[in-house]
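Everything on this sheet refers to the single structure shown next.
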Amino acid sequence: MQDTTVISSPQAQERMTDWMNCLPGDLSDLFYFHHEKSDGTTEYTRFDNCFSLGKDGIEQLLHLHGNATMVIRIYMGCNRIIDPVTENARDVFYPVFCIKAGDGGVTTYYEMKYIPTSLMKGLGESIITPGTADLFRAKWNELNDTEVGMAFSGATLGCKNCEADPMKPEEKVIKNRRVEYYEFPNSDVNNMIKALLAYMKEGGKSPYLYFCMGAGLSVQIDHPFNFRPIIKVPSGNQLFHPASGGFEVAQPVAYFERSKPCPPFCDPTE
């Protein structure tokens, strides 16, 4: 399990702001990085796998188990780095993992570390949930650069920054907007924690939580974005599945993808 560093609210906000300010034509460039291969050479590769939440974040999730108002968010973000090959500064996609304890609790932000496909070993077989997570991940990897740039924008209604139509002040104008974050419901968060606890109870030594990138069908207004985040955790031999209402056995990996994007599902108090 990778260690991670809690980042401050200003640091998190800077990454989120940089994401929103990125020009549409430059968006797909954020998803490329120089990757060192096993033979010592490097190659320019597009993000096609998962980002890992570290030890601190997982420990906080486990500590908050049973919190009836806890939610987690994955904010879209980017950060300026020095490219190790070109030695030039460039912006790279850096998602921010947010844990909101609720009921006046603390909101904590974490940065996540990208795990190249070549390093994903010893995790067992992937079991598909009703969210068809495997198809979403495969579709993401098939998107070309233009489609990647378009995956985070869509026509939304009722978002927190929408402007009122002067002729219809009670309604909101539909505009093409970029997604800010995805929020996972409390029920799914607690099922993620149940899976982690079951895995550890049965002797699992390295609990993990991965944010994997996927793409699915967009639904105008309600879910207008092609991009869909998928959370992947290990599980024990028995994991309660909310869709079936019972236990499914021998599930070494569980996926969760029932998040809501902002916009249009933004917190009106923020």
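Simple scheme: letters A, B, ... for chains in structure tokens order, numbers from 1 for residues in each chain, numbers from 1 for ligands in the order shown.
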
Q. Near A:Phe211, counting only C-alpha atoms, which residues have an atom at most 6 Å away, once you skip same-chain residues fewer than 4 positions from it, shown as a list in words?
A.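 Close residues of A:Phe211: Cys50, Phe51, Ile230 and Ile231 of chain A.
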
Q: Just the residues within 9 Å of stretch 98-104 of chain A, please, counting only C-alpha atoms, with nothing from its chain fewer than 2 positions along; format it as a list in words.
A: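 Listed by chain and then number, they are Gly57, Gln60, Leu61, Leu64, Asn67, Ala68, Thr69, Met70, Val71, Ile72, Arg73, Ile74, Tyr75, Val96, Val106, Thr107, Thr108, Tyr109, Tyr110 and Glu111 of chain A.
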
Using the selection just defined, write its residues with N, CA, C and O atoms as a PDB file, in the first residue's frame.
```pdb
ATOM      1  N   GLY A  57      -5.059   7.765   3.596  1.00  0.00           N
ATOM      2  CA  GLY A  57      -6.444   7.865   3.165  1.00  0.00           C
ATOM      3  C   GLY A  57      -7.255   6.633   3.520  1.00  0.00           C
ATOM      4  O   GLY A  57      -8.406   6.738   3.962  1.00  0.00           O
ATOM      5  N   GLN A  60      -8.073   6.586   7.194  1.00  0.00           N
ATOM      6  CA  GLN A  60      -9.161   7.490   7.568  1.00  0.00           C
ATOM      7  C   GLN A  60     -10.514   6.900   7.181  1.00  0.00           C
ATOM      8  O   GLN A  60     -11.477   6.990   7.942  1.00  0.00           O
ATOM      9  N   LEU A  61     -10.589   6.281   6.002  1.00  0.00           N
ATOM     10  CA  LEU A  61     -11.836   5.631   5.599  1.00  0.00           C
ATOM     11  C   LEU A  61     -12.256   4.573   6.607  1.00  0.00           C
ATOM     12  O   LEU A  61     -13.420   4.505   7.022  1.00  0.00           O
ATOM     13  N   LEU A  64     -13.694   5.971   9.749  1.00  0.00           N
ATOM     14  CA  LEU A  64     -15.016   6.577   9.618  1.00  0.00           C
ATOM     15  C   LEU A  64     -16.097   5.560   9.282  1.00  0.00           C
ATOM     16  O   LEU A  64     -17.228   5.931   8.969  1.00  0.00           O
ATOM     17  N   ASN A  67     -20.110   5.939   9.512  1.00  0.00           N
ATOM     18  CA  ASN A  67     -20.541   7.334   9.493  1.00  0.00           C
ATOM     19  C   ASN A  67     -21.659   7.488   8.467  1.00  0.00           C
ATOM     20  O   ASN A  67     -21.480   7.251   7.278  1.00  0.00           O
ATOM     21  N   ALA A  68     -22.830   7.888   8.929  1.00  0.00           N
ATOM     22  CA  ALA A  68     -24.019   7.901   8.071  1.00  0.00           C
ATOM     23  C   ALA A  68     -24.031   9.030   7.055  1.00  0.00           C
ATOM     24  O   ALA A  68     -24.869   9.026   6.146  1.00  0.00           O
ATOM     25  N   THR A  69     -23.151  10.000   7.202  1.00  0.00           N
ATOM     26  CA  THR A  69     -23.166  11.141   6.279  1.00  0.00           C
ATOM     27  C   THR A  69     -21.878  11.271   5.473  1.00  0.00           C
ATOM     28  O   THR A  69     -21.715  12.229   4.723  1.00  0.00           O
ATOM     29  N   MET A  70     -20.963  10.325   5.628  1.00  0.00           N
ATOM     30  CA  MET A  70     -19.685  10.419   4.927  1.00  0.00           C
ATOM     31  C   MET A  70     -19.874  10.194   3.429  1.00  0.00           C
ATOM     32  O   MET A  70     -20.620   9.314   3.001  1.00  0.00           O
ATOM     33  N   VAL A  71     -19.181  10.996   2.637  1.00  0.00           N
ATOM     34  CA  VAL A  71     -19.121  10.793   1.196  1.00  0.00           C
ATOM     35  C   VAL A  71     -17.667  10.967   0.764  1.00  0.00           C
ATOM     36  O   VAL A  71     -16.849  11.528   1.494  1.00  0.00           O
ATOM     37  N   ILE A  72     -17.359  10.455  -0.392  1.00  0.00           N
ATOM     38  CA  ILE A  72     -16.051  10.709  -0.977  1.00  0.00           C
ATOM     39  C   ILE A  72     -16.253  11.330  -2.355  1.00  0.00           C
ATOM     40  O   ILE A  72     -17.241  11.064  -3.039  1.00  0.00           O
ATOM     41  N   ARG A  73     -15.291  12.153  -2.716  1.00  0.00           N
ATOM     42  CA  ARG A  73     -15.302  12.790  -4.026  1.00  0.00           C
ATOM     43  C   ARG A  73     -13.957  12.571  -4.707  1.00  0.00           C
ATOM     44  O   ARG A  73     -12.926  12.489  -4.033  1.00  0.00           O
ATOM     45  N   ILE A  74     -14.014  12.523  -6.011  1.00  0.00           N
ATOM     46  CA  ILE A  74     -12.796  12.563  -6.806  1.00  0.00           C
ATOM     47  C   ILE A  74     -12.869  13.830  -7.643  1.00  0.00           C
ATOM     48  O   ILE A  74     -13.712  13.948  -8.533  1.00  0.00           O
ATOM     49  N   TYR A  75     -12.015  14.782  -7.275  1.00  0.00           N
ATOM     50  CA  TYR A  75     -11.946  16.044  -8.009  1.00  0.00           C
ATOM     51  C   TYR A  75     -10.992  15.898  -9.195  1.00  0.00           C
ATOM     52  O   TYR A  75      -9.921  15.289  -9.080  1.00  0.00           O
ATOM     53  N   VAL A  96      -7.678  14.630  -7.231  1.00  0.00           N
ATOM     54  CA  VAL A  96      -7.648  14.867  -5.785  1.00  0.00           C
ATOM     55  C   VAL A  96      -8.734  14.021  -5.147  1.00  0.00           C
ATOM     56  O   VAL A  96      -9.915  14.123  -5.512  1.00  0.00           O
ATOM     57  N   VAL A 106     -14.405  16.967   9.484  1.00  0.00           N
ATOM     58  CA  VAL A 106     -13.307  17.523   8.698  1.00  0.00           C
ATOM     59  C   VAL A 106     -13.366  17.009   7.261  1.00  0.00           C
ATOM     60  O   VAL A 106     -13.697  15.851   7.003  1.00  0.00           O
ATOM     61  N   THR A 107     -13.061  17.895   6.317  1.00  0.00           N
ATOM     62  CA  THR A 107     -12.883  17.505   4.925  1.00  0.00           C
ATOM     63  C   THR A 107     -11.389  17.408   4.659  1.00  0.00           C
ATOM     64  O   THR A 107     -10.639  18.354   4.916  1.00  0.00           O
ATOM     65  N   THR A 108     -10.945  16.262   4.165  1.00  0.00           N
ATOM     66  CA  THR A 108      -9.525  16.012   3.953  1.00  0.00           C
ATOM     67  C   THR A 108      -9.268  15.702   2.497  1.00  0.00           C
ATOM     68  O   THR A 108     -10.047  14.991   1.852  1.00  0.00           O
ATOM     69  N   TYR A 109      -8.160  16.240   1.974  1.00  0.00           N
ATOM     70  CA  TYR A 109      -7.784  16.039   0.576  1.00  0.00           C
ATOM     71  C   TYR A 109      -6.490  15.226   0.498  1.00  0.00           C
ATOM     72  O   TYR A 109      -5.563  15.439   1.275  1.00  0.00           O
ATOM     73  N   TYR A 110      -6.460  14.326  -0.472  1.00  0.00           N
ATOM     74  CA  TYR A 110      -5.281  13.486  -0.697  1.00  0.00           C
ATOM     75  C   TYR A 110      -4.898  13.527  -2.175  1.00  0.00           C
ATOM     76  O   TYR A 110      -5.772  13.567  -3.047  1.00  0.00           O
ATOM     77  N   GLU A 111      -3.615  13.499  -2.428  1.00  0.00           N
ATOM     78  CA  GLU A 111      -3.181  13.288  -3.798  1.00  0.00           C
ATOM     79  C   GLU A 111      -3.050  11.785  -4.015  1.00  0.00           C
ATOM     80  O   GLU A 111      -2.844  11.017  -3.075  1.00  0.00           O
TER      81      GLU A 111
END
```

(Q) From the options A:Lys55, A:His35, A:Arg90, A:His65, which residue's atoms come nearest to A:Tyr114, counting only C-alpha atoms? (A)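 Of A:Lys55, A:His35, A:Arg90, A:His65, the one nearest A:Tyr114 is A:His35, counting only C-alpha atoms.
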
Q) So what do you get for atom CA of A:Trp19 versus atom CA of A:Met76, distance-wise? A)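 About the pair atom CA of A:Trp19 and atom CA of A:Met76: they are 6.5 Å apart.
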
Q. Excluding same-chain residues fewer than 4 positions from A:Leu30, what lies within 6 Å of it counting only C-alpha atoms, as number ranges by chain?
A. A: 91-93

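Interatomic distance, atom CA of A:Asn21 against atom CA of A:Lys232: 29.2 Å.
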
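Proximity to A:Thr117 was assessed for A:Leu197, A:Asn141, A:Gly77, A:Val189 counting only C-alpha atoms; the smallest distance is recorded for A:Asn141.
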
Q: May I ask for the distance between atom CA of A:Phe33 and atom CA of A:Arg46, given in Å to one decimal place?
A: 6.4 Å

**Q.** From A:Asp145, A:Val85, A:Met112, A:Leu23, residue lying nearest A:Glu36 [only C-alpha atoms]
**A.**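 Between A:Asp145, A:Val85, A:Met112, A:Leu23, the residue approaching A:Glu36 most closely is A:Val85.
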
Q: Counting only C-alpha atoms, figure out which residue out of A:Met200, A:Tyr208, A:Ser9, A:Asp29 gets nearest to A:Asn144.
A: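 Distance minimum relative to A:Asn144 lands on A:Asp29.
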
**Q.** Proximity to A:Ser187 - best of A:Ser259, A:Ser235, A:Thr146, A:Leu209, only C-alpha atoms
**A.**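 Among the listed residues, the smallest separation from A:Ser187 belongs to A:Ser259.
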